Amino acid sequence: MMDLLKIDKIRQYKTRQGFVKRIVQEHYLREDVPCNSELCLAGCRQTANCVVPADVTHYLLPDCQTASDYLDILELPELIGIVFLQTVLHHVRHSSGKRSYQRLYNKVKDMRSRCTVFANEFCHYAYCSREPGEDHVQWQFRVVYESAVWYYNHLAGQKPIVLLTENEKVIEEYGSRTAGVYVLSIGNYLNMFWPDLNQALDIYESLKASLAEVESQSKGSSKEYTEYLPMDVLSAGIKSGRYIDGAIRVNRHHAQEEAFVSRNIRSSDQKSDVLIAGRKNRNRAVDGDIVVVELLPQAEWTGRIISLKAAGSDDVGSEKSESMPCGRVVGILQRNWRDYVVSLPDDLEQQTGGGQSDKILVIPWDYSIPKIRISTRHALQLKDQRIVVRIDSWETDSMFPNGHFVRSLGTIGDLETEIAAVLVEKNLSVGPFSEGLLKEMPENTEQNPWVMDEDEVKKRRDLRRSHLIFSIDPKGCEDVDDTLSVRKLKNGRIELGVHIADVTYFVKPDSLTDLEARSRSTTVYLADRRYDMLPEILSAQLCSLIGGVDRYAVSVVWQLDPNTYEVIKVWYGRTVIRSAYKMFYEAAQSLHDGKQVKDDIPELDGLDAATVDKKLVELKWCVDKLMDIARHLKARRVVGGAVQLEGEEVKVELNEEQEIEDLVPKQTMEIHETIAECMIFANHWVAKKIAEAFSTSALLRHHPLPRQDQFQELLYCAKAKGYTIDTSSNKALADSLDKCVVSNDPLYNRILRSLATKAMSNALYFSTGSLPRDQFFHYGLALDRYTHFTSPIRRYADVIVHRQLLAAVEEEDSNSLHLPSNKDLQQLSGHINTKHRASQNAQRDSQVLFQAMYFHDRDSTTDERCIVDAVVHNLRANGLLVFIPRYGIKGALYLKDKEGLVCDASSPGKTPTWAPGTLEWSEFSITVSTSTCKTTFKLFDHITVRISVQQARSHASSLRFDLVANQPHKKDESIGVQNTSLKTDIIQEVLGESEDKPSTASIYDNQDILGADFPELKKQYGQTNESVSLYHLLQHLQEMGLEESADGS
């Protein structure tokens, strides 16, 4: 056993009272600290997952300040072979915070980066104690330098060491002290080793200028903002209840005036939000930061703005709601700064002085983010581009934060640029799959097709000949991850089976594929494309349960009572299946309805008439029985209190040139809910199984009780028609919504259900060890246990659940399956929840982008598709909020402009005009009064509006709504009436199971639009082929159609 050398380590701390306290700690040094290098000749045991490689020209060691200030450069994927010292990690954590430390840790943890950590503070020959009177910065660099020399000698001089620092004095002192150890500034290093890496050079120049700006500002005396309170004061104040901590949310419609911090108050009679009014009270907090707030005296409380504000307008309405608790930010617990998409201002020439590095205020794409000051040498070249910047600091004497340039996304208005902006804003990484990951993939070519392993088949239950298995999916779906079977057993019972792709067979724990899937967490669906969580060979081929081929699956099979469909017995396990039919929803519904479907089922081609009839009878019995079972399953949940909510689906019609021709509401069929109900059933039973097997570390999905204050808008709208909503429980809410029916206007109930959706809390993944058992429930689905099991091809949470289920039923050692502990699983759950929400928001933003594209080239004054019926669903002090059922979208309609003129729509058949007048706002109506007449708009009135596009250079284009007439638009017979009996259970949960699959059409099949190399670029960046595009423009416009711009549910 290696002997340990004990030394005394002396630390000095400053107490709250200002006294200096000296502490002596025991510290142990050893000789066998691993170097984690492939070149090691001493036989060091490698304790890290990542080691620095042998095939690089040099090893890189950043000093403490370099790692802290220039982390953006070190994060670049081109820079590999970096050795981070333990001393450097400690410095980053204590000087730059947990967020920077986590970024550095992620760089090391990512095996593609081929970096490592060397524990120099425990290495006998690399350890350096601080000498008496030695400056702290000098000591830190001496530690780094001595460790670099030891590392070089330890590897017998096989690889030169480059030590990075921006300290000119130490470069001069140490630059030529040791052969093989080179001390360079970052600028010299990049110019010598990476002269063509322009991104790194640009980031360096911008960061250097930003740091210089911060240093110059620190010498100034004028203060725009107040200093933050010390951390110990903040902690004590939070514990005592004097201060409130929480994430700050900026109102993007009034970004300069309003932000909110939520208080953790469960009492329904207290308001849970604190209003932060004005920039001074916000005190340099940026949207998403975890802040500490001090409540202002009640005399200084004010209300939130209730006036509409046009995008990009500086006009702020004076109308406010009743006063609410207000506060000011006195400290920041955690900065949640991220990458921001920005553009340079129109008056660029006035801001640039022609210098080597111009200081410019750039305008963020996100309205809730303040302008950011950056320095760049390429201002004129970047004028018409969207670029990515990061915030470095925000000093008290600066009106705006300082940041630096990271990279350019492309030309403003270009489709690929706008899509890239959406992804960056939501922090979604969708780069190409790495070469190492692709090497893990099995081969499946015409010359060498993939075949099942016979030994693996013997371990599984073989259902290929005993069960009629089929899938029901949208047209064009490639990633078929769920199939079904139903049959009558000899004992009279009904057997129902849900068979899910066995992704875990191909994705082994801690493999590169697993790490990448964990990082992505979900397949990202945008309006015209998708970015897969897994490589296409898995998602569209070997894991996809397509018809007529043998596939591995994980199955849940129930034996049900033939009359009541109560569960008598359930079996879980690995199976081998062969799907007999790959049906579309339309074919399955037609089969149930007794219509002719022979031509819609390709597997029946080439068969004689008698065989076709026999197979159709068999298949129809299965579909009918599935529907009957699903009705019973749903009825039980509804009785238990399942809340049936409303979503709006819109499909896209394309012309011959694959351009958007129309947006049409999609009709809901019963078969959609049948498949969804079967998936919910499987998820519920799997949740029960893994929660029983892993009581403190099962991955479940929790839908908490909604906050009662979030139901105010729902209660208000119900009251407008004389109804009362009981929100005391999910059952009471569901029963109340069922009673809110207006016979001549089915939209009323749909809008109420959308408002109930908005009031819901987010459903979240969690580890069972992190919550009390009485909080495991799913409020919306009325289930005591719920998880996600049925979509492992596109959700990493399902992969974890598969592993847990197999460990539970096969009684394998959980350690051998690398199942995460409660702590690790809860951390992973947070990551998955973040990525899941980011993916949803990206879908929404891409839909907004394509909506603007649809209306962009249309003449709003003559094109009949721009003149539509709208329903008034809320009132504001200067206008209306309207819902447009034709396209499933919401927006603001102004009745008063910034000059004070009001919209006069009193003359039938004539275009409304703007005239002097007033607005009178009552509880359920708003009246426009001019010198000649009065016009009243009531809640849920139908009016006619015109849709046009409002261009915004620095932001995403948006839709504008103008009043055409204060009466309903002529009825569009092509739209039809929605089947209101087919409601959707918690849009994200149910449609997520049955509809999260792509459609066939692609807007951009025409290579003339995007260039001949566009298909190759899509393949490079991990997208499946173009037959699966337009997914969420067809399937998920309901997320924004019946949802306010705030993040609702």
# chains A, B, ... in the order shown; residues from 1 in each chain; ligands from 1
>>> residues_around(residues="Lys359 of chain A", least_positions_apart="6", cutoff="7 Å", atoms="only C-alpha atoms", output="PyMOL selection string")
chain A and resi 352+373-376
>>> closest_residue(among="A:Ser185, A:Ser957, A:Thr757, A:Ser829", to="His856 of chain A", atoms="only C-alpha atoms")
A:Ser957
>>> closest_atom_pairs(of="segment 334-441 of chain A", to="segment 99-119 of chain A", cutoff="8 Å", atoms="only C-alpha atoms", output="tab-separated table")
residue	atom	partner	partner_atom	distance
A:Gln334	CA	A:Arg99	CA	7.9
A:Arg335	CA	A:Arg99	CA	7.6
A:Asn336	CA	A:Arg99	CA	7.6
>>> write_last_selection(atoms="C-alpha atoms", output="compact mmCIF listing (two decimals), in the first residue's frame")
# COMPACT_ATOMS: atom_id res chain seq x y z
CA GLN A 334 -27.53 31.94 -9.56
CA ARG A 335 -27.03 33.48 -12.97
CA ASN A 336 -28.73 31.47 -15.70
>>> residues_around(residues="Ser767 of chain A", least_positions_apart="2", cutoff="7 Å", atoms="only C-alpha atoms", output="list in words")
Thr696, Ser697, Ala698, Leu699, Leu700, Gly769, Ser770, Asn822, Leu825 and Gln826 of chain A
>>> atom_distance(atom1="atom CA of Cys477 of chain A", atom2="atom CA of Phe584 of chain A")
8.9 Å
>>> residues_around(residues="segment 172-177 of chain A", least_positions_apart="4", cutoff="12 Å", atoms="only C-alpha atoms", output="PDB file with all heavy atoms, in the first residue's frame")
ATOM      1  N   GLN A 138       0.233  34.954  -7.900  1.00  0.00           N
ATOM      2  CA  GLN A 138       1.538  34.380  -8.212  1.00  0.00           C
ATOM      3  C   GLN A 138       1.628  32.930  -7.735  1.00  0.00           C
ATOM      4  O   GLN A 138       2.160  32.067  -8.434  1.00  0.00           O
ATOM      5  CB  GLN A 138       2.639  35.210  -7.556  1.00  0.00           C
ATOM      6  CG  GLN A 138       2.801  36.606  -8.145  1.00  0.00           C
ATOM      7  CD  GLN A 138       3.862  37.417  -7.424  1.00  0.00           C
ATOM      8  OE1 GLN A 138       4.214  37.109  -6.276  1.00  0.00           O
ATOM      9  NE2 GLN A 138       4.373  38.443  -8.096  1.00  0.00           N
ATOM     10  N   PHE A 141      -0.328  30.596 -10.094  1.00  0.00           N
ATOM     11  CA  PHE A 141       0.353  30.268 -11.336  1.00  0.00           C
ATOM     12  C   PHE A 141       1.542  29.343 -11.077  1.00  0.00           C
ATOM     13  O   PHE A 141       1.812  28.443 -11.871  1.00  0.00           O
ATOM     14  CB  PHE A 141       0.838  31.530 -12.057  1.00  0.00           C
ATOM     15  CG  PHE A 141       1.442  31.206 -13.396  1.00  0.00           C
ATOM     16  CD1 PHE A 141       0.644  30.998 -14.498  1.00  0.00           C
ATOM     17  CD2 PHE A 141       2.822  31.058 -13.533  1.00  0.00           C
ATOM     18  CE1 PHE A 141       1.198  30.658 -15.727  1.00  0.00           C
ATOM     19  CE2 PHE A 141       3.381  30.707 -14.760  1.00  0.00           C
ATOM     20  CZ  PHE A 141       2.556  30.512 -15.854  1.00  0.00           C
ATOM     21  N   ARG A 142       2.254  29.554  -9.965  1.00  0.00           N
ATOM     22  CA  ARG A 142       3.379  28.674  -9.653  1.00  0.00           C
ATOM     23  C   ARG A 142       2.894  27.233  -9.472  1.00  0.00           C
ATOM     24  O   ARG A 142       3.565  26.288  -9.904  1.00  0.00           O
ATOM     25  CB  ARG A 142       4.094  29.167  -8.390  1.00  0.00           C
ATOM     26  CG  ARG A 142       5.373  28.392  -8.067  1.00  0.00           C
ATOM     27  CD  ARG A 142       6.197  29.131  -7.015  1.00  0.00           C
ATOM     28  NE  ARG A 142       5.475  29.255  -5.749  1.00  0.00           N
ATOM     29  CZ  ARG A 142       5.468  28.295  -4.807  1.00  0.00           C
ATOM     30  NH1 ARG A 142       6.134  27.172  -4.990  1.00  0.00           N
ATOM     31  NH2 ARG A 142       4.804  28.497  -3.677  1.00  0.00           N
ATOM     32  N   VAL A 144       0.291  25.898 -10.965  1.00  0.00           N
ATOM     33  CA  VAL A 144      -0.017  25.395 -12.310  1.00  0.00           C
ATOM     34  C   VAL A 144       1.268  25.073 -13.058  1.00  0.00           C
ATOM     35  O   VAL A 144       1.383  24.026 -13.713  1.00  0.00           O
ATOM     36  CB  VAL A 144      -0.871  26.426 -13.087  1.00  0.00           C
ATOM     37  CG1 VAL A 144      -1.068  25.971 -14.533  1.00  0.00           C
ATOM     38  CG2 VAL A 144      -2.225  26.632 -12.408  1.00  0.00           C
ATOM     39  N   TYR A 145       2.259  25.948 -12.965  1.00  0.00           N
ATOM     40  CA  TYR A 145       3.507  25.737 -13.700  1.00  0.00           C
ATOM     41  C   TYR A 145       4.240  24.501 -13.184  1.00  0.00           C
ATOM     42  O   TYR A 145       4.705  23.664 -13.980  1.00  0.00           O
ATOM     43  CB  TYR A 145       4.403  26.962 -13.593  1.00  0.00           C
ATOM     44  CG  TYR A 145       5.664  26.843 -14.415  1.00  0.00           C
ATOM     45  CD1 TYR A 145       5.641  27.080 -15.789  1.00  0.00           C
ATOM     46  CD2 TYR A 145       6.866  26.464 -13.828  1.00  0.00           C
ATOM     47  CE1 TYR A 145       6.783  26.945 -16.550  1.00  0.00           C
ATOM     48  CE2 TYR A 145       8.020  26.329 -14.584  1.00  0.00           C
ATOM     49  CZ  TYR A 145       7.971  26.567 -15.945  1.00  0.00           C
ATOM     50  OH  TYR A 145       9.118  26.426 -16.704  1.00  0.00           O
ATOM     51  N   GLU A 146       4.369  24.366 -11.873  1.00  0.00           N
ATOM     52  CA  GLU A 146       5.070  23.201 -11.319  1.00  0.00           C
ATOM     53  C   GLU A 146       4.344  21.906 -11.680  1.00  0.00           C
ATOM     54  O   GLU A 146       4.984  20.876 -11.926  1.00  0.00           O
ATOM     55  CB  GLU A 146       5.186  23.342  -9.797  1.00  0.00           C
ATOM     56  CG  GLU A 146       6.086  24.478  -9.336  1.00  0.00           C
ATOM     57  CD  GLU A 146       7.529  24.311  -9.794  1.00  0.00           C
ATOM     58  OE1 GLU A 146       7.951  23.160 -10.027  1.00  0.00           O
ATOM     59  OE2 GLU A 146       8.220  25.331  -9.938  1.00  0.00           O
ATOM     60  N   ALA A 148       2.606  21.483 -14.449  1.00  0.00           N
ATOM     61  CA  ALA A 148       2.890  21.259 -15.863  1.00  0.00           C
ATOM     62  C   ALA A 148       4.265  20.638 -16.050  1.00  0.00           C
ATOM     63  O   ALA A 148       4.449  19.714 -16.866  1.00  0.00           O
ATOM     64  CB  ALA A 148       2.789  22.584 -16.625  1.00  0.00           C
ATOM     65  N   VAL A 149       5.259  21.115 -15.284  1.00  0.00           N
ATOM     66  CA  VAL A 149       6.609  20.543 -15.370  1.00  0.00           C
ATOM     67  C   VAL A 149       6.601  19.086 -14.916  1.00  0.00           C
ATOM     68  O   VAL A 149       7.217  18.217 -15.548  1.00  0.00           O
ATOM     69  CB  VAL A 149       7.587  21.376 -14.520  1.00  0.00           C
ATOM     70  CG1 VAL A 149       8.946  20.683 -14.434  1.00  0.00           C
ATOM     71  CG2 VAL A 149       7.739  22.778 -15.103  1.00  0.00           C
ATOM     72  N   ILE A 161       4.147  20.478 -23.425  1.00  0.00           N
ATOM     73  CA  ILE A 161       3.038  21.054 -22.671  1.00  0.00           C
ATOM     74  C   ILE A 161       2.959  22.541 -22.995  1.00  0.00           C
ATOM     75  O   ILE A 161       3.963  23.253 -22.938  1.00  0.00           O
ATOM     76  CB  ILE A 161       3.244  20.878 -21.153  1.00  0.00           C
ATOM     77  CG1 ILE A 161       3.501  19.411 -20.808  1.00  0.00           C
ATOM     78  CG2 ILE A 161       2.052  21.430 -20.383  1.00  0.00           C
ATOM     79  CD1 ILE A 161       2.337  18.499 -21.032  1.00  0.00           C
ATOM     80  N   VAL A 162       1.737  22.996 -23.338  1.00  0.00           N
ATOM     81  CA  VAL A 162       1.504  24.419 -23.579  1.00  0.00           C
ATOM     82  C   VAL A 162       0.649  24.944 -22.433  1.00  0.00           C
ATOM     83  O   VAL A 162      -0.486  24.497 -22.230  1.00  0.00           O
ATOM     84  CB  VAL A 162       0.808  24.673 -24.928  1.00  0.00           C
ATOM     85  CG1 VAL A 162       0.492  26.159 -25.088  1.00  0.00           C
ATOM     86  CG2 VAL A 162       1.684  24.188 -26.073  1.00  0.00           C
ATOM     87  N   LEU A 163       1.200  25.880 -21.683  1.00  0.00           N
ATOM     88  CA  LEU A 163       0.493  26.476 -20.554  1.00  0.00           C
ATOM     89  C   LEU A 163      -0.052  27.827 -20.989  1.00  0.00           C
ATOM     90  O   LEU A 163       0.703  28.687 -21.453  1.00  0.00           O
ATOM     91  CB  LEU A 163       1.455  26.624 -19.370  1.00  0.00           C
ATOM     92  CG  LEU A 163       0.863  26.801 -17.981  1.00  0.00           C
ATOM     93  CD1 LEU A 163       1.896  26.423 -16.919  1.00  0.00           C
ATOM     94  CD2 LEU A 163       0.396  28.231 -17.759  1.00  0.00           C
ATOM     95  N   LEU A 164      -1.365  28.002 -20.862  1.00  0.00           N
ATOM     96  CA  LEU A 164      -2.019  29.226 -21.324  1.00  0.00           C
ATOM     97  C   LEU A 164      -2.242  30.202 -20.184  1.00  0.00           C
ATOM     98  O   LEU A 164      -2.740  29.839 -19.114  1.00  0.00           O
ATOM     99  CB  LEU A 164      -3.384  28.894 -21.954  1.00  0.00           C
ATOM    100  CG  LEU A 164      -3.377  28.110 -23.263  1.00  0.00           C
ATOM    101  CD1 LEU A 164      -4.791  27.911 -23.767  1.00  0.00           C
ATOM    102  CD2 LEU A 164      -2.528  28.803 -24.318  1.00  0.00           C
ATOM    103  N   THR A 165      -1.879  31.454 -20.394  1.00  0.00           N
ATOM    104  CA  THR A 165      -2.111  32.515 -19.420  1.00  0.00           C
ATOM    105  C   THR A 165      -2.182  33.839 -20.145  1.00  0.00           C
ATOM    106  O   THR A 165      -1.627  34.012 -21.228  1.00  0.00           O
ATOM    107  CB  THR A 165      -0.998  32.550 -18.353  1.00  0.00           C
ATOM    108  OG1 THR A 165      -1.295  33.573 -17.409  1.00  0.00           O
ATOM    109  CG2 THR A 165       0.343  32.844 -18.996  1.00  0.00           C
ATOM    110  N   GLU A 166      -2.867  34.787 -19.547  1.00  0.00           N
ATOM    111  CA  GLU A 166      -2.921  36.148 -20.073  1.00  0.00           C
ATOM    112  C   GLU A 166      -2.074  37.098 -19.237  1.00  0.00           C
ATOM    113  O   GLU A 166      -2.104  38.305 -19.459  1.00  0.00           O
ATOM    114  CB  GLU A 166      -4.375  36.634 -20.122  1.00  0.00           C
ATOM    115  CG  GLU A 166      -5.199  36.039 -21.244  1.00  0.00           C
ATOM    116  CD  GLU A 166      -4.718  36.467 -22.622  1.00  0.00           C
ATOM    117  OE1 GLU A 166      -5.024  37.616 -23.035  1.00  0.00           O
ATOM    118  OE2 GLU A 166      -4.031  35.671 -23.295  1.00  0.00           O
ATOM    119  N   ASN A 167      -1.330  36.566 -18.292  1.00  0.00           N
ATOM    120  CA  ASN A 167      -0.483  37.373 -17.418  1.00  0.00           C
ATOM    121  C   ASN A 167       0.870  37.584 -18.092  1.00  0.00           C
ATOM    122  O   ASN A 167       1.688  36.667 -18.181  1.00  0.00           O
ATOM    123  CB  ASN A 167      -0.311  36.671 -16.067  1.00  0.00           C
ATOM    124  CG  ASN A 167       0.326  37.560 -15.027  1.00  0.00           C
ATOM    125  OD1 ASN A 167       1.216  38.361 -15.328  1.00  0.00           O
ATOM    126  ND2 ASN A 167      -0.107  37.407 -13.777  1.00  0.00           N
ATOM    127  N   GLU A 168       1.124  38.797 -18.576  1.00  0.00           N
ATOM    128  CA  GLU A 168       2.350  39.083 -19.318  1.00  0.00           C
ATOM    129  C   GLU A 168       3.592  38.913 -18.444  1.00  0.00           C
ATOM    130  O   GLU A 168       4.656  38.485 -18.912  1.00  0.00           O
ATOM    131  CB  GLU A 168       2.294  40.498 -19.896  1.00  0.00           C
ATOM    132  CG  GLU A 168       1.213  40.711 -20.938  1.00  0.00           C
ATOM    133  CD  GLU A 168       1.484  39.902 -22.202  1.00  0.00           C
ATOM    134  OE1 GLU A 168       2.653  39.515 -22.439  1.00  0.00           O
ATOM    135  OE2 GLU A 168       0.523  39.639 -22.954  1.00  0.00           O
ATOM    136  N   VAL A 181       8.109  22.830 -21.915  1.00  0.00           N
ATOM    137  CA  VAL A 181       6.944  23.449 -21.290  1.00  0.00           C
ATOM    138  C   VAL A 181       6.891  24.897 -21.767  1.00  0.00           C
ATOM    139  O   VAL A 181       7.764  25.700 -21.424  1.00  0.00           O
ATOM    140  CB  VAL A 181       7.018  23.387 -19.754  1.00  0.00           C
ATOM    141  CG1 VAL A 181       5.802  24.088 -19.144  1.00  0.00           C
ATOM    142  CG2 VAL A 181       7.097  21.948 -19.283  1.00  0.00           C
ATOM    143  N   TYR A 182       5.909  25.225 -22.563  1.00  0.00           N
ATOM    144  CA  TYR A 182       5.814  26.534 -23.204  1.00  0.00           C
ATOM    145  C   TYR A 182       4.697  27.350 -22.543  1.00  0.00           C
ATOM    146  O   TYR A 182       3.581  26.853 -22.346  1.00  0.00           O
ATOM    147  CB  TYR A 182       5.529  26.380 -24.696  1.00  0.00           C
ATOM    148  CG  TYR A 182       6.574  25.554 -25.401  1.00  0.00           C
ATOM    149  CD1 TYR A 182       6.397  24.172 -25.572  1.00  0.00           C
ATOM    150  CD2 TYR A 182       7.744  26.135 -25.887  1.00  0.00           C
ATOM    151  CE1 TYR A 182       7.349  23.399 -26.208  1.00  0.00           C
ATOM    152  CE2 TYR A 182       8.704  25.365 -26.526  1.00  0.00           C
ATOM    153  CZ  TYR A 182       8.512  24.001 -26.684  1.00  0.00           C
ATOM    154  OH  TYR A 182       9.463  23.237 -27.309  1.00  0.00           O
ATOM    155  N   VAL A 183       4.985  28.577 -22.213  1.00  0.00           N
ATOM    156  CA  VAL A 183       4.003  29.481 -21.607  1.00  0.00           C
ATOM    157  C   VAL A 183       3.614  30.526 -22.645  1.00  0.00           C
ATOM    158  O   VAL A 183       4.455  31.331 -23.064  1.00  0.00           O
ATOM    159  CB  VAL A 183       4.576  30.154 -20.346  1.00  0.00           C
ATOM    160  CG1 VAL A 183       3.509  31.028 -19.692  1.00  0.00           C
ATOM    161  CG2 VAL A 183       5.081  29.107 -19.364  1.00  0.00           C
ATOM    162  N   LEU A 184       2.338  30.507 -23.076  1.00  0.00           N
ATOM    163  CA  LEU A 184       1.881  31.371 -24.159  1.00  0.00           C
ATOM    164  C   LEU A 184       0.606  32.094 -23.750  1.00  0.00           C
ATOM    165  O   LEU A 184      -0.182  31.597 -22.940  1.00  0.00           O
ATOM    166  CB  LEU A 184       1.603  30.552 -25.427  1.00  0.00           C
ATOM    167  CG  LEU A 184       2.755  29.763 -26.050  1.00  0.00           C
ATOM    168  CD1 LEU A 184       2.237  28.936 -27.219  1.00  0.00           C
ATOM    169  CD2 LEU A 184       3.858  30.700 -26.506  1.00  0.00           C
ATOM    170  N   SER A 185       0.420  33.254 -24.350  1.00  0.00           N
ATOM    171  CA  SER A 185      -0.880  33.924 -24.218  1.00  0.00           C
ATOM    172  C   SER A 185      -1.866  33.224 -25.146  1.00  0.00           C
ATOM    173  O   SER A 185      -1.477  32.527 -26.089  1.00  0.00           O
ATOM    174  CB  SER A 185      -0.766  35.395 -24.600  1.00  0.00           C
ATOM    175  OG  SER A 185      -0.506  35.533 -26.000  1.00  0.00           O
TER     176      SER A 185
END
>>> closest_residue(among="A:Tyr228, A:Tyr716, A:Tyr531, A:Phe506", to="Trp394 of chain A", atoms="only C-alpha atoms")
A:Tyr228
>>> closest_residue(among="A:Gln385, A:Thr913, A:Asn283, A:Gln298", to="Arg328 of chain A", atoms="only C-alpha atoms")
A:Asn283
>>> atom_distance(atom1="atom CA of Ser544 of chain A", atom2="atom CA of Ala501 of chain A")
6.6 Å
>>> select_by_dssp(residues="segment 211-336 of chain A", states="strand (DSSP E or B)", output="PyMOL selection string")
chain A and resi 243-250+258-262+273-277+290-295+302+305+320+324+326-334
>>> write_last_selection(atoms="C-alpha atoms", output="PDB file, in the first residue's frame")
ATOM      1  CA  TYR A 243     -36.417  37.935   1.606  1.00  0.00           C
ATOM      2  CA  ILE A 244     -37.971  35.813  -1.126  1.00  0.00           C
ATOM      3  CA  ASP A 245     -35.974  33.697  -3.557  1.00  0.00           C
ATOM      4  CA  GLY A 246     -37.097  32.355  -6.913  1.00  0.00           C
ATOM      5  CA  ALA A 247     -36.623  32.503 -10.668  1.00  0.00           C
ATOM      6  CA  ILE A 248     -37.389  35.838 -12.272  1.00  0.00           C
ATOM      7  CA  ARG A 249     -39.701  35.783 -15.290  1.00  0.00           C
ATOM      8  CA  VAL A 250     -39.743  38.840 -17.543  1.00  0.00           C
ATOM      9  CA  GLU A 258     -42.535  44.079 -15.719  1.00  0.00           C
ATOM     10  CA  ALA A 259     -41.004  40.944 -14.282  1.00  0.00           C
ATOM     11  CA  PHE A 260     -42.329  38.442 -11.755  1.00  0.00           C
ATOM     12  CA  VAL A 261     -40.925  36.162  -9.086  1.00  0.00           C
ATOM     13  CA  SER A 262     -43.051  33.278  -7.826  1.00  0.00           C
ATOM     14  CA  ASP A 273     -46.313  36.254  -7.575  1.00  0.00           C
ATOM     15  CA  VAL A 274     -44.249  39.302  -6.662  1.00  0.00           C
ATOM     16  CA  LEU A 275     -44.177  42.064  -9.285  1.00  0.00           C
ATOM     17  CA  ILE A 276     -40.782  43.618 -10.042  1.00  0.00           C
ATOM     18  CA  ALA A 277     -41.776  46.919 -11.648  1.00  0.00           C
ATOM     19  CA  ILE A 290     -32.466  32.881  -9.452  1.00  0.00           C
ATOM     20  CA  VAL A 291     -32.883  36.096  -7.492  1.00  0.00           C
ATOM     21  CA  VAL A 292     -33.473  37.303  -3.949  1.00  0.00           C
ATOM     22  CA  VAL A 293     -36.283  39.854  -3.569  1.00  0.00           C
ATOM     23  CA  GLU A 294     -37.182  42.223  -0.800  1.00  0.00           C
ATOM     24  CA  LEU A 295     -40.849  43.242  -0.615  1.00  0.00           C
ATOM     25  CA  THR A 302     -48.736  48.776  -8.018  1.00  0.00           C
ATOM     26  CA  ILE A 305     -50.166  46.399 -16.986  1.00  0.00           C
ATOM     27  CA  LYS A 320     -53.132  48.652 -14.614  1.00  0.00           C
ATOM     28  CA  MET A 324     -50.266  43.381  -5.988  1.00  0.00           C
ATOM     29  CA  CYS A 326     -44.111  44.397  -5.379  1.00  0.00           C
ATOM     30  CA  GLY A 327     -40.440  44.020  -4.632  1.00  0.00           C
ATOM     31  CA  ARG A 328     -36.900  44.779  -5.652  1.00  0.00           C
ATOM     32  CA  VAL A 329     -33.981  42.491  -6.385  1.00  0.00           C
ATOM     33  CA  VAL A 330     -31.309  42.672  -3.680  1.00  0.00           C
ATOM     34  CA  GLY A 331     -29.166  39.733  -4.751  1.00  0.00           C
ATOM     35  CA  ILE A 332     -28.542  36.971  -7.279  1.00  0.00           C
ATOM     36  CA  LEU A 333     -28.219  33.378  -6.120  1.00  0.00           C
ATOM     37  CA  GLN A 334     -27.534  31.944  -9.564  1.00  0.00           C
TER      38      GLN A 334
END
>>> residues_around(residues="Asp608 of chain A", least_positions_apart="6", cutoff="12 Å", atoms="only C-alpha atoms", output="CSV table (one decimal) with all heavy atoms, in the first residue's frame")
chain,number,residue,atom,x,y,z
A,598,LYS,N,-59.5,-2.2,-48.5
A,598,LYS,CA,-58.6,-3.1,-49.0
A,598,LYS,C,-57.4,-2.4,-49.7
A,598,LYS,O,-56.2,-2.7,-49.5
A,598,LYS,CB,-59.3,-4.0,-50.1
A,598,LYS,CG,-58.3,-4.9,-50.8
A,598,LYS,CD,-59.1,-5.7,-51.9
A,598,LYS,CE,-58.1,-6.6,-52.6
A,598,LYS,NZ,-57.1,-5.9,-53.3
A,614,LYS,N,-61.2,-12.8,-45.4
A,614,LYS,CA,-61.0,-13.4,-44.1
A,614,LYS,C,-60.1,-12.6,-43.2
A,614,LYS,O,-60.3,-12.4,-42.0
A,614,LYS,CB,-60.3,-14.8,-44.4
A,614,LYS,CG,-60.0,-15.6,-43.1
A,614,LYS,CD,-59.3,-16.9,-43.5
A,614,LYS,CE,-59.0,-17.7,-42.2
A,614,LYS,NZ,-58.3,-19.0,-42.5
A,615,LYS,N,-59.0,-12.1,-43.8
A,615,LYS,CA,-58.1,-11.2,-43.0
A,615,LYS,C,-58.7,-9.9,-42.5
A,615,LYS,O,-58.4,-9.5,-41.4
A,615,LYS,CB,-56.8,-11.0,-43.8
A,615,LYS,CG,-55.9,-12.2,-44.0
A,615,LYS,CD,-54.6,-11.8,-44.8
A,615,LYS,CE,-53.7,-13.0,-44.9
A,615,LYS,NZ,-53.2,-13.5,-43.5
>>> residues_around(residues="Asp863 of chain A", least_positions_apart="6", cutoff="10 Å", atoms="only C-alpha atoms", output="PyMOL selection string")
chain A and resi 855+946-947
>>> atom_distance(atom1="atom CA of Gly891 of chain A", atom2="atom CA of Val342 of chain A")
24.6 Å
